[in-house]
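Student: Below are the structure tokens for one structure; questions will follow.
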Amino acid sequence: MKIIISPDSFKGTLTALEAAKSIEAGIHHVDPTVETVVIPVADGGEGTVDTLVLATNGRYVEAAVTDPLGRPITAQYGVLGDGQTCVIEMAAASGITLLHNNERNPRIASTFGTGQLLKHALDQGFTNFIMCIGGSATNDGGVGMLRALGLQLLDEHRQHVQKSIDGLYDVAHFDFSNWDPRLQHCTFTIACDVDNPFVGETGASAIFGPQKGVDDVAYFDGALTHFANVVAREMNVRLHDYKGAGAAGGMGGALIAFLNGAFHQGIDLVLDVMRYSEKIKGADLIITGEGKSDAQTLHGKAPVGVLHYAANDHIPVMLLSGAIDDEDRSSLQQHFTHIASVVGDDITVDMAMHEPSRYVTLRTEQYMKQLLQKGV
């Protein structure tokens with residue numbers, strides 16, 4: 001029997017690779033003769049660089065950048081095994097996990113560090129980029145990144161505006177005199193799993209802002225709306241209702257308007273780059289999962305991407321997640337061959353959070369015994 005193990009990260013507890021290894025241990029505790037192939041996945045958010053570097057035998061590059069609040073840190077990006085494609089995860093420099101809860105301040109939080117990562121990669125000669133834009137601490141419309149690349153934002157008097165959300169209200173012109181000329185020869189693929197527009201009721205500020213510390217959605221939305229108006233006038237690109245432009249606090253919009261970025265569903269992009277369809281040939285079962293599965297899982301999350309690839313070869317798929325919402329269990333059962341939750345019965349949330357690897361392994365053992373008895 002051959003089992004492919006392809007979970008996403010169990011956010012806050014296990015990386016995708018750690019989760020996969022824990023599942024593998026549970027399988028081998030039940031039957032050490034089972035052939036297992038560990039292929040962790042990601043959907044364009046945090047962990048995507050690690051997943052793609054591992055899958056393609058790539059490498060990492062470190063760079064000195066600034067975090068969302070302007071403090072110096074060391075961040076890294078990935079280079080795929082082809083030696084030509086650079087993968088930048090904005091969370092590495094501009095991520096919310098870089099801040100303590102009491103430090104979240106989207107009025108000044110900036111994507112400048114992500115721009116510095118990109119600049120460093122340009123200096124290394126890279127021209128082909130995959131931009132992973134999940135997990136940001138920012139709501140700056142990607143302006144910080146654009147500044148790092150040389151864009152100057154000017155008011156109606158041709159003076160520089162403030163480097164804050166307040167400054168976006170004063171933007172009247174863009175000055176490209178210091179814009180990095182190498183960018184015109186680059187291609188940017190945007191890995192993303194949301195399709196929110198730049199502004200409005202389902203825009204960056206309204207949907208994602210509060211978790212980052214946005215205390216006045218209308219004010220932030222107004223700032224991004226004003227910025228989008230200037231983009232429409234100066235760049236002839238309307239970001240306001242552009243699908244995906246609101247991702248990562250508006251970073252999606254900046255990549256579209258200024259870098260001609262093209263959106264791709266994160267998990268599909270990752271699986272294509274990994275040549276996932278080739279790697280799962282001949283498998284008897286695929287086990288995927290994530291930290292928590294609910295209705296959103298069926299809308300572009302990693303497990304459903306795995307499911308689609310498996311369907312092409314008629315391979316059964318088991319969803320093994322940290323937790324599964326009871327109200328969504330029936331809808332998930334309509335798509336996955338088997339579903340299982342680590343939390344439940346004898347395993348509490350506290351237990352699973354405290355020793356995630358142990359309990360993922362234990363739950364895998366329990367379900368593998370059942371599946372092997374039934375002949376999968």
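Convention: chains lettered A, B, ... in structure tokens order; per-chain residue numbering from 1; ligands numbered from 1 as shown.
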Please extract the residues of stretch 194-374 of chain A with a backbone DSSP assignment of strand (DSSP E) and present them as a PyMOL selection string.
Tutor: chain A and resi 262-265+285-289+292-293+317-321+323-324+338-341
Student: Return as JSON lines the residues of stretch 209-229 of chain A lying at most 8 Å from stretch 163-170 of chain A, together with the closest atom-to-atom pair for each and the distance in Å to one decimal, counting only C-alpha atoms, with rows in chain order and ascending residue number.
Tutor:
```
{"residue": "A:Phe220", "atom": "CA", "partner": "A:Ile165", "partner_atom": "CA", "distance": 7.0}
{"residue": "A:Gly222", "atom": "CA", "partner": "A:Tyr169", "partner_atom": "CA", "distance": 7.8}
{"residue": "A:Ala223", "atom": "CA", "partner": "A:Tyr169", "partner_atom": "CA", "distance": 5.2}
{"residue": "A:Leu224", "atom": "CA", "partner": "A:Leu168", "partner_atom": "CA", "distance": 7.0}
{"residue": "A:His226", "atom": "CA", "partner": "A:Tyr169", "partner_atom": "CA", "distance": 6.0}
{"residue": "A:Phe227", "atom": "CA", "partner": "A:Leu168", "partner_atom": "CA", "distance": 6.0}
```
Student: Mind running stretch 108-152 of chain A against stretch 56-68 of chain A at 10 Å and telling me each contacting residue's nearest atom pair with the distance in Å (one decimal), counting only C-alpha atoms, chain and number ascending, as JSON lines?
Tutor:
```
{"residue": "A:Ile108", "atom": "CA", "partner": "A:Pro68", "partner_atom": "CA", "distance": 8.1}
{"residue": "A:Ala109", "atom": "CA", "partner": "A:Pro68", "partner_atom": "CA", "distance": 4.8}
{"residue": "A:Ser110", "atom": "CA", "partner": "A:Pro68", "partner_atom": "CA", "distance": 4.9}
{"residue": "A:Thr111", "atom": "CA", "partner": "A:Pro68", "partner_atom": "CA", "distance": 6.2}
{"residue": "A:Phe112", "atom": "CA", "partner": "A:Thr66", "partner_atom": "CA", "distance": 7.1}
{"residue": "A:Gly113", "atom": "CA", "partner": "A:Thr66", "partner_atom": "CA", "distance": 4.8}
{"residue": "A:Thr114", "atom": "CA", "partner": "A:Val65", "partner_atom": "CA", "distance": 7.9}
{"residue": "A:Gly115", "atom": "CA", "partner": "A:Val65", "partner_atom": "CA", "distance": 8.9}
{"residue": "A:Gln116", "atom": "CA", "partner": "A:Val65", "partner_atom": "CA", "distance": 5.9}
{"residue": "A:Leu117", "atom": "CA", "partner": "A:Ala63", "partner_atom": "CA", "distance": 6.6}
{"residue": "A:Leu118", "atom": "CA", "partner": "A:Ala63", "partner_atom": "CA", "distance": 9.8}
{"residue": "A:Lys119", "atom": "CA", "partner": "A:Ala63", "partner_atom": "CA", "distance": 9.8}
{"residue": "A:His120", "atom": "CA", "partner": "A:Ala63", "partner_atom": "CA", "distance": 6.9}
{"residue": "A:Ala121", "atom": "CA", "partner": "A:Val61", "partner_atom": "CA", "distance": 8.6}
{"residue": "A:Gln124", "atom": "CA", "partner": "A:Val61", "partner_atom": "CA", "distance": 9.7}
{"residue": "A:Ser136", "atom": "CA", "partner": "A:Pro68", "partner_atom": "CA", "distance": 8.8}
{"residue": "A:Ala137", "atom": "CA", "partner": "A:Pro68", "partner_atom": "CA", "distance": 6.8}
{"residue": "A:Thr138", "atom": "CA", "partner": "A:Pro68", "partner_atom": "CA", "distance": 7.2}
{"residue": "A:Gly144", "atom": "CA", "partner": "A:Pro68", "partner_atom": "CA", "distance": 9.3}
```
Student: Please tabulate, as a Markdown table, the residues of stretch 133-203 of chain A that come within 6 Å of stretch 247-269 of chain A, each with its closest pair of atoms and the distance in Å to one decimal, counting only C-alpha atoms and ordering rows by chain, then residue number upward.
Tutor:
```
| residue | atom | partner | partner_atom | distance |
| --- | --- | --- | --- | --- |
| A:Ile133 | CA | A:Ala248 | CA | 5.8 |
| A:Gly134 | CA | A:Ala248 | CA | 5.8 |
| A:Ser136 | CA | A:Ala248 | CA | 5.4 |
| A:Thr138 | CA | A:Gly249 | CA | 5.5 |
| A:Asn139 | CA | A:Gly249 | CA | 3.9 |
| A:Gly141 | CA | A:Gly250 | CA | 3.9 |
| A:Gly142 | CA | A:Met251 | CA | 4.1 |
| A:Phe188 | CA | A:Gly261 | CA | 4.7 |
| A:Thr189 | CA | A:Ala262 | CA | 5.1 |
| A:Ile190 | CA | A:Phe263 | CA | 4.7 |
| A:Ala191 | CA | A:Gly266 | CA | 4.3 |
| A:Cys192 | CA | A:Gly266 | CA | 4.6 |
| A:Asp193 | CA | A:Gly266 | CA | 5.3 |
| A:Phe198 | CA | A:Gly250 | CA | 5.8 |
```
Student: With DSSP run on the backbone, what are the alpha helix (DSSP H) residues within stretch 159-208 of chain A? I'd like them as an mmCIF file with C-alpha atoms, in the first residue's frame.
Tutor:
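Saved result, out-v5.cif, follows:
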```cif
data_model
loop_
_atom_site.group_PDB
_atom_site.id
_atom_site.type_symbol
_atom_site.label_atom_id
_atom_site.label_comp_id
_atom_site.auth_asym_id
_atom_site.auth_seq_id
_atom_site.Cartn_x
_atom_site.Cartn_y
_atom_site.Cartn_z
ATOM 1 C CA ILE A 165 -2.225 55.546 6.714
ATOM 2 C CA ASP A 166 -2.898 59.271 7.180
ATOM 3 C CA GLY A 167 -0.494 60.047 4.359
ATOM 4 C CA LEU A 168 -2.531 58.061 1.843
#
```
Student: If we count only C-alpha atoms, what is near A:Thr15 at a cut-off of 10 Å, once residues fewer than 3 positions away on the same chain are taken out, given as a PyMOL selection string?
Tutor: chain A and resi 7-12+18-21+40-42+46-47+50-51+290-291
Student: Rank A:Tyr359, A:Arg107, A:Val273, A:Phe208 by their smallest atom-to-atom distance to A:Ile130, using only C-alpha atoms, and report the top residue only.
Tutor: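 Ranking A:Tyr359, A:Arg107, A:Val273, A:Phe208 by distance to A:Ile130, first place goes to A:Val273.
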Student: Find, counting only C-alpha atoms, the residue in A:Glu365, A:Leu319, A:Met353, A:Gly289 that gets nearest to A:Asp43.
Tutor: A:Gly289
Student: Between A:Leu307, A:Ile339, A:Val317, A:Val143, which has the minimum distance to A:Gln162 (counting only C-alpha atoms)?
Tutor: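 Nearest candidate to A:Gln162 out of A:Leu307, A:Ile339, A:Val317, A:Val143: A:Val143.
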Student: Name all residues at most 10 Å from A:Val360 (count only C-alpha atoms; drop same-chain ones fewer than 4 positions away) and give them as a PyMOL selection string.
Tutor: chain A and resi 14+19-26+320-322+341-343+352+355-356+364-365
Student: Give me the residues within 7 Å of A:Val87 as an MDAnalysis selection string, counting only C-alpha atoms and dropping any in the same chain fewer than 3 places off.
Tutor: chainID A and resid 49 77:79 129:131
Student: List the neighbours of A:Tyr309 out to 8 Å using only C-alpha atoms; skip same-chain residues closer than 3 positions along the sequence, and give me the result as a PyMOL selection string.
Tutor: chain A and resi 276-277+305-306+312-313
Student: What does the distance between atom CA of A:Thr348 and atom CA of A:Leu362 come to in Å, to one decimal place?
Tutor: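 Between atom CA of A:Thr348 and atom CA of A:Leu362 the gap works out to 13.0 Å.
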Student: Please provide the set of residues having any atom within 7 Å of A:Gly244, restricted to only C-alpha atoms, with same-chain residues fewer than 2 positions apart removed, written as a VMD selection string.
Tutor: chain A and resid 194 to 197 242 246 to 247 252
Student: Have a look at atom CA of A:Met1 and atom CA of A:Ile280 and let me know their distance in Å, one decimal.
Tutor: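 We find that atom CA of A:Met1 and atom CA of A:Ile280 lie 12.8 Å from each other.
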Student: Hey, which of A:Ile5, A:Ala206, A:Val237, A:Leu285 ends up closest to A:His338? Count only C-alpha atoms.
Tutor: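 Selected residue with least distance to A:His338: A:Leu285.
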Student: Between atom CA of A:Asp216 and atom CA of A:Asn102, what is the distance, to one decimal in Å?
Tutor: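 Atom CA of A:Asn102 lies at a distance of 17.0 Å from atom CA of A:Asp216.
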